[in-house]
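Novice: Below you'll find start.cif; it's mmCIF, C-alpha atoms.
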data_start
#
loop_
_atom_site.label_atom_id
_atom_site.label_comp_id
_atom_site.auth_asym_id
_atom_site.auth_seq_id
_atom_site.Cartn_x
_atom_site.Cartn_y
_atom_site.Cartn_z
CA MET Y 1 6.53 -54.74 -79.17
CA SER Y 2 7.25 -53.33 -82.63
CA LYS Y 3 10.34 -54.22 -84.65
CA GLN Y 4 11.57 -50.64 -84.17
CA GLU Y 5 11.21 -50.94 -80.38
CA LEU Y 6 13.07 -54.26 -80.43
CA MET Y 7 15.87 -52.66 -82.45
CA VAL Y 8 16.05 -49.78 -79.98
CA LEU Y 9 16.43 -52.21 -77.12
CA GLY Y 10 19.32 -54.07 -78.74
CA GLN Y 11 17.37 -56.86 -80.41
CA ASP Y 12 16.67 -57.55 -84.03
CA GLY Y 13 13.61 -59.28 -85.35
CA ALA Y 14 15.45 -62.08 -87.14
CA ASP Y 15 17.44 -63.83 -84.45
CA GLY Y 16 16.85 -61.64 -81.39
CA CYS Y 17 20.51 -60.90 -80.88
CA CYS Y 18 22.34 -57.68 -81.65
CA PRO Y 19 25.26 -55.99 -79.97
CA GLY Y 20 24.31 -53.96 -76.91
CA LEU Y 21 24.95 -50.34 -76.06
CA LEU Y 22 28.43 -51.14 -74.73
CA THR Y 23 29.61 -52.90 -77.89
CA THR Y 24 28.15 -50.83 -80.74
CA PRO Y 25 27.39 -47.10 -80.88
CA LEU Y 26 23.72 -46.24 -81.15
CA GLY Y 27 22.35 -44.67 -84.27
CA GLU Y 28 20.52 -41.35 -84.01
CA GLU Y 29 17.03 -42.89 -84.30
CA GLN Y 30 17.85 -45.60 -81.74
CA ALA Y 31 19.20 -43.00 -79.32
CA VAL Y 32 16.05 -40.88 -79.63
CA GLU Y 33 13.76 -43.84 -78.99
CA LEU Y 34 15.87 -45.23 -76.14
CA ALA Y 35 16.03 -41.79 -74.53
CA LYS Y 36 12.22 -41.91 -74.20
CA VAL Y 37 12.51 -45.06 -72.07
CA PHE Y 38 15.26 -43.59 -69.92
CA LYS Y 39 13.33 -40.33 -69.59
CA ALA Y 40 10.38 -42.30 -68.24
CA LEU Y 41 12.76 -43.86 -65.70
CA GLY Y 42 14.35 -40.49 -64.89
CA ASP Y 43 11.70 -39.37 -62.44
CA PRO Y 44 11.70 -40.53 -58.79
CA VAL Y 45 7.91 -40.92 -58.71
CA ARG Y 46 7.94 -43.08 -61.83
CA LEU Y 47 10.81 -45.16 -60.48
CA ARG Y 48 8.87 -45.76 -57.28
CA LEU Y 49 5.71 -46.61 -59.22
CA LEU Y 50 7.62 -49.07 -61.41
CA SER Y 51 9.20 -50.64 -58.33
CA MET Y 52 5.84 -50.94 -56.58
CA ILE Y 53 4.31 -52.57 -59.65
CA ALA Y 54 7.26 -54.89 -60.30
CA SER Y 55 7.57 -56.05 -56.70
CA ARG Y 56 3.88 -56.70 -56.12
CA GLU Y 57 3.13 -60.30 -55.22
CA GLY Y 58 0.89 -61.77 -57.89
CA GLY Y 59 2.42 -59.55 -60.56
CA GLU Y 60 -0.19 -56.80 -60.71
CA ILE Y 61 -1.47 -53.94 -58.61
CA CYS Y 62 -4.58 -51.77 -58.60
CA VAL Y 63 -4.16 -48.04 -59.05
CA CYS Y 64 -6.13 -47.71 -55.81
CA ASP Y 65 -3.14 -49.29 -54.02
CA LEU Y 66 -0.59 -47.03 -55.74
CA THR Y 67 -2.11 -43.59 -55.19
CA PRO Y 68 -2.06 -43.52 -51.35
CA ALA Y 69 1.72 -44.07 -51.32
CA PHE Y 70 2.28 -40.59 -52.76
CA ASP Y 71 1.47 -37.06 -51.73
CA LEU Y 72 0.20 -36.41 -55.25
CA SER Y 73 -3.24 -36.17 -56.82
CA GLN Y 74 -4.77 -39.13 -58.61
CA PRO Y 75 -4.53 -37.37 -62.01
CA THR Y 76 -0.79 -36.81 -61.44
CA ILE Y 77 -0.26 -40.48 -60.60
CA SER Y 78 -2.27 -41.42 -63.70
CA HIS Y 79 -0.04 -39.17 -65.81
CA HIS Y 80 3.11 -40.86 -64.48
CA LEU Y 81 1.60 -44.29 -65.15
CA LYS Y 82 0.70 -43.19 -68.68
CA LEU Y 83 4.33 -42.22 -69.33
CA LEU Y 84 5.54 -45.61 -68.05
CA ARG Y 85 3.02 -47.30 -70.38
CA GLN Y 86 4.09 -45.20 -73.36
CA ALA Y 87 7.70 -46.21 -72.67
CA GLY Y 88 6.66 -49.88 -72.81
CA LEU Y 89 7.61 -50.59 -69.20
CA ILE Y 90 4.13 -51.47 -67.90
CA ASP Y 91 0.71 -52.37 -69.21
CA CYS Y 92 -2.76 -52.18 -67.69
CA GLU Y 93 -6.34 -53.32 -67.85
CA ARG Y 94 -9.53 -51.68 -66.62
CA ARG Y 95 -11.70 -53.88 -64.40
CA GLY Y 96 -14.88 -52.12 -63.45
CA THR Y 97 -13.94 -48.74 -62.00
CA TRP Y 98 -10.31 -49.67 -61.24
CA VAL Y 99 -7.25 -50.08 -63.44
CA TYR Y 100 -4.69 -52.81 -62.74
CA TYR Y 101 -1.03 -52.48 -63.76
CA TRP Y 102 1.75 -54.99 -64.31
CA LEU Y 103 5.39 -54.91 -65.38
CA LEU Y 104 6.42 -55.83 -68.91
CA PRO Y 105 9.56 -57.78 -67.95
CA GLU Y 106 10.67 -58.23 -71.54
CA THR Y 107 11.34 -54.49 -71.71
CA THR Y 108 13.30 -54.32 -68.45
CA ASP Y 109 15.20 -57.49 -69.38
CA LYS Y 110 16.16 -55.96 -72.72
CA LEU Y 111 17.30 -52.76 -71.02
CA ALA Y 112 19.40 -54.82 -68.62
CA GLY Y 113 20.91 -56.77 -71.51
CA LEU Y 114 21.58 -53.59 -73.44
CA LEU Y 115 23.55 -52.13 -70.53
CA THR Y 116 25.42 -55.28 -69.53
CA ARG Y 117 29.05 -55.52 -70.52
CA PRO Y 118 29.70 -58.31 -73.03
CA GLY Y 119 30.36 -61.61 -71.29
CA GLN Y 120 29.07 -60.33 -67.94
CA PRO Y 121 26.01 -61.91 -66.35
CA VAL Y 122 23.14 -59.68 -65.22
CA GLU Y 123 23.07 -59.86 -61.43
CA ALA Y 124 20.36 -58.66 -59.11
CA SER Y 125 21.68 -56.34 -56.45
CA SER Y 126 20.83 -56.98 -52.82
#
Re-express the file's structure as structure tokens.
Specialist:
Amino acid sequence: MSKQELMVLGQDGADGCCPGLLTTPLGEEQAVELAKVFKALGDPVRLRLLSMIASREGGEICVCDLTPAFDLSQPTISHHLKLLRQAGLIDCERRGTWVYYWLLPETTDKLAGLLTRPGQPVEASS
């Protein structure tokens, strides 16, 4: 992750700790970059894809296991996955004819930290 992306997600390169969204107003550049991540999360298909990838036992999933869950064409699913990759939420690797995806937890953890009120622990909802 680039230094700019770390800054956007409420981290600085020196000590890894900056105020979050709820303690310091975002600058214009940070807001533009962070909006790209939230835009990627702002689509129900992409949210479902991210959830399917993140919850997969073993930590990765083949695109061949993602596509059948949707009433969408394979190119459309690939487009949604590309947007999630560009937002830094997932990564992938081609193995033969198939592509495998996995979550980049450092990005989701930083988003969670950015949105958590100061002094409040991040809790998983049931």
Novice: For CA of Gly113 (chain Y) and CA of Arg56 (chain Y), quote the distance in Å rounded to one decimal.
Specialist: 23.0 Å
Novice: Under the rule of at most 12 Å, produce a per-residue listing of region 47-86 of chain Y near region 29-38 of chain Y: chain, number, name, the closest pair of atoms, and the distance in Å, as a tab-separated table, using all atoms listed in the file.
Specialist:
residue	atom	partner	partner_atom	distance
Y:Leu47	CA	Y:Phe38	CA	10.6
Y:Leu83	CA	Y:Val37	CA	9.1
Y:Leu84	CA	Y:Val37	CA	8.1
Y:Arg85	CA	Y:Val37	CA	9.9
Y:Gln86	CA	Y:Val37	CA	8.5
Novice: Emit the selected residues as a compact mmCIF listing (two decimals), in the frame of the given file, including C-alpha atoms.
Specialist:
# COMPACT_ATOMS: atom_id res chain seq x y z
CA LEU Y 47 10.81 -45.16 -60.48
CA LEU Y 83 4.33 -42.22 -69.33
CA LEU Y 84 5.54 -45.61 -68.05
CA ARG Y 85 3.02 -47.30 -70.38
CA GLN Y 86 4.09 -45.20 -73.36
Novice: Please return as a PyMOL selection string every residue within 12 Å of (11.8, -45.3, -64.2), taking into account only C-alpha atoms and the file's own coordinates.
Specialist: chain Y and resi 35-54+80-81+83-90+103+107-108+111
Novice: Tell me, in Å to one decimal, how far CA of Asp109 (chain Y) is from CA of Ile61 (chain Y).
Specialist: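 According to the coordinates, CA of Asp109 (chain Y) and CA of Ile61 (chain Y) are separated by 20.2 Å.
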Novice: What does the structure give for the distance between CA of Arg117 (chain Y) and CA of Leu22 (chain Y), in Å to one decimal?
Specialist: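 Taking CA of Arg117 (chain Y) and CA of Leu22 (chain Y), their separation equals 6.1 Å.
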Novice: Assuming 8 Å of padding per side, give the centre and edge lengths of the axis-aligned box around every listed atom of region 74-77 of chain Y, in Å to one decimal and as AutoDock Vina command-line options.
Specialist:
--center_x -2.5 --center_y -38.6 --center_z -60.3 --size_x 20.5 --size_y 19.7 --size_z 19.4
Novice: Will you model N, CA, C and O atoms for region 54-77 of chain Y and pass it back as a tab-separated table (two decimals), in the frame of the given file?
Specialist:
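Okay, rebuild-v3.tsv is ready:
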chain	number	residue	atom	x	y	z
Y	54	ALA	N	6.41	-53.73	-60.04
Y	54	ALA	CA	7.26	-54.89	-60.30
Y	54	ALA	C	7.38	-55.81	-59.09
Y	54	ALA	O	7.48	-57.03	-59.24
Y	55	SER	N	7.35	-55.25	-57.90
Y	55	SER	CA	7.57	-56.05	-56.70
Y	55	SER	C	6.28	-56.60	-56.09
Y	55	SER	O	6.33	-57.34	-55.11
Y	56	ARG	N	5.16	-56.27	-56.67
Y	56	ARG	CA	3.88	-56.70	-56.12
Y	56	ARG	C	3.69	-58.21	-56.28
Y	56	ARG	O	3.84	-58.74	-57.37
Y	57	GLU	N	3.41	-58.87	-55.18
Y	57	GLU	CA	3.13	-60.30	-55.22
Y	57	GLU	C	1.90	-60.53	-56.10
Y	57	GLU	O	0.92	-59.80	-56.00
Y	58	GLY	N	1.98	-61.50	-56.96
Y	58	GLY	CA	0.89	-61.77	-57.89
Y	58	GLY	C	1.10	-61.08	-59.23
Y	58	GLY	O	0.38	-61.35	-60.18
Y	59	GLY	N	2.04	-60.15	-59.29
Y	59	GLY	CA	2.42	-59.55	-60.56
Y	59	GLY	C	1.61	-58.36	-61.04
Y	59	GLY	O	1.90	-57.81	-62.09
Y	60	GLU	N	0.58	-57.96	-60.29
Y	60	GLU	CA	-0.19	-56.80	-60.71
Y	60	GLU	C	-0.70	-56.06	-59.48
Y	60	GLU	O	-0.78	-56.61	-58.39
Y	61	ILE	N	-1.02	-54.78	-59.71
Y	61	ILE	CA	-1.47	-53.94	-58.61
Y	61	ILE	C	-2.54	-52.97	-59.12
Y	61	ILE	O	-2.46	-52.48	-60.26
Y	62	CYS	N	-3.51	-52.71	-58.27
Y	62	CYS	CA	-4.58	-51.77	-58.60
Y	62	CYS	C	-4.08	-50.34	-58.38
Y	62	CYS	O	-3.33	-50.07	-57.44
Y	63	VAL	N	-4.52	-49.44	-59.21
Y	63	VAL	CA	-4.16	-48.04	-59.05
Y	63	VAL	C	-4.60	-47.53	-57.67
Y	63	VAL	O	-3.96	-46.65	-57.09
Y	64	CYS	N	-5.66	-48.12	-57.13
Y	64	CYS	CA	-6.13	-47.71	-55.81
Y	64	CYS	C	-5.11	-48.03	-54.72
Y	64	CYS	O	-5.13	-47.41	-53.65
Y	65	ASP	N	-4.20	-48.97	-54.97
Y	65	ASP	CA	-3.14	-49.29	-54.02
Y	65	ASP	C	-1.88	-48.46	-54.25
Y	65	ASP	O	-1.00	-48.40	-53.39
Y	66	LEU	N	-1.76	-47.85	-55.42
Y	66	LEU	CA	-0.59	-47.03	-55.74
Y	66	LEU	C	-0.74	-45.60	-55.24
Y	66	LEU	O	0.19	-45.03	-54.66
Y	67	THR	N	-1.89	-45.02	-55.47
Y	67	THR	CA	-2.11	-43.59	-55.19
Y	67	THR	C	-1.84	-43.19	-53.75
Y	67	THR	O	-1.18	-42.16	-53.53
Y	68	PRO	N	-2.28	-43.95	-52.74
Y	68	PRO	CA	-2.06	-43.52	-51.35
Y	68	PRO	C	-0.59	-43.45	-50.93
Y	68	PRO	O	-0.27	-42.79	-49.95
Y	69	ALA	N	0.31	-44.08	-51.67
Y	69	ALA	CA	1.72	-44.07	-51.32
Y	69	ALA	C	2.41	-42.74	-51.64
Y	69	ALA	O	3.57	-42.54	-51.27
Y	70	PHE	N	1.70	-41.85	-52.31
Y	70	PHE	CA	2.28	-40.59	-52.76
Y	70	PHE	C	1.46	-39.41	-52.28
Y	70	PHE	O	0.25	-39.50	-52.13
Y	71	ASP	N	2.14	-38.31	-52.08
Y	71	ASP	CA	1.47	-37.06	-51.73
Y	71	ASP	C	1.19	-36.28	-53.01
Y	71	ASP	O	1.60	-35.13	-53.17
Y	72	LEU	N	0.52	-36.97	-53.94
Y	72	LEU	CA	0.20	-36.41	-55.25
Y	72	LEU	C	-1.26	-36.71	-55.56
Y	72	LEU	O	-1.82	-37.68	-55.03
Y	73	SER	N	-1.85	-35.93	-56.44
Y	73	SER	CA	-3.24	-36.17	-56.82
Y	73	SER	C	-3.34	-37.40	-57.70
Y	73	SER	O	-2.37	-37.82	-58.35
Y	74	GLN	N	-4.52	-37.96	-57.77
Y	74	GLN	CA	-4.77	-39.13	-58.61
Y	74	GLN	C	-4.48	-38.83	-60.08
Y	74	GLN	O	-3.85	-39.65	-60.76
Y	75	PRO	N	-4.87	-37.66	-60.61
Y	75	PRO	CA	-4.53	-37.37	-62.01
Y	75	PRO	C	-3.02	-37.32	-62.26
Y	75	PRO	O	-2.56	-37.73	-63.33
Y	76	THR	N	-2.25	-36.85	-61.28
Y	76	THR	CA	-0.79	-36.81	-61.44
Y	76	THR	C	-0.22	-38.22	-61.48
Y	76	THR	O	0.65	-38.53	-62.31
Y	77	ILE	N	-0.70	-39.09	-60.60
Y	77	ILE	CA	-0.26	-40.48	-60.60
Y	77	ILE	C	-0.63	-41.13	-61.94
Y	77	ILE	O	0.18	-41.83	-62.55
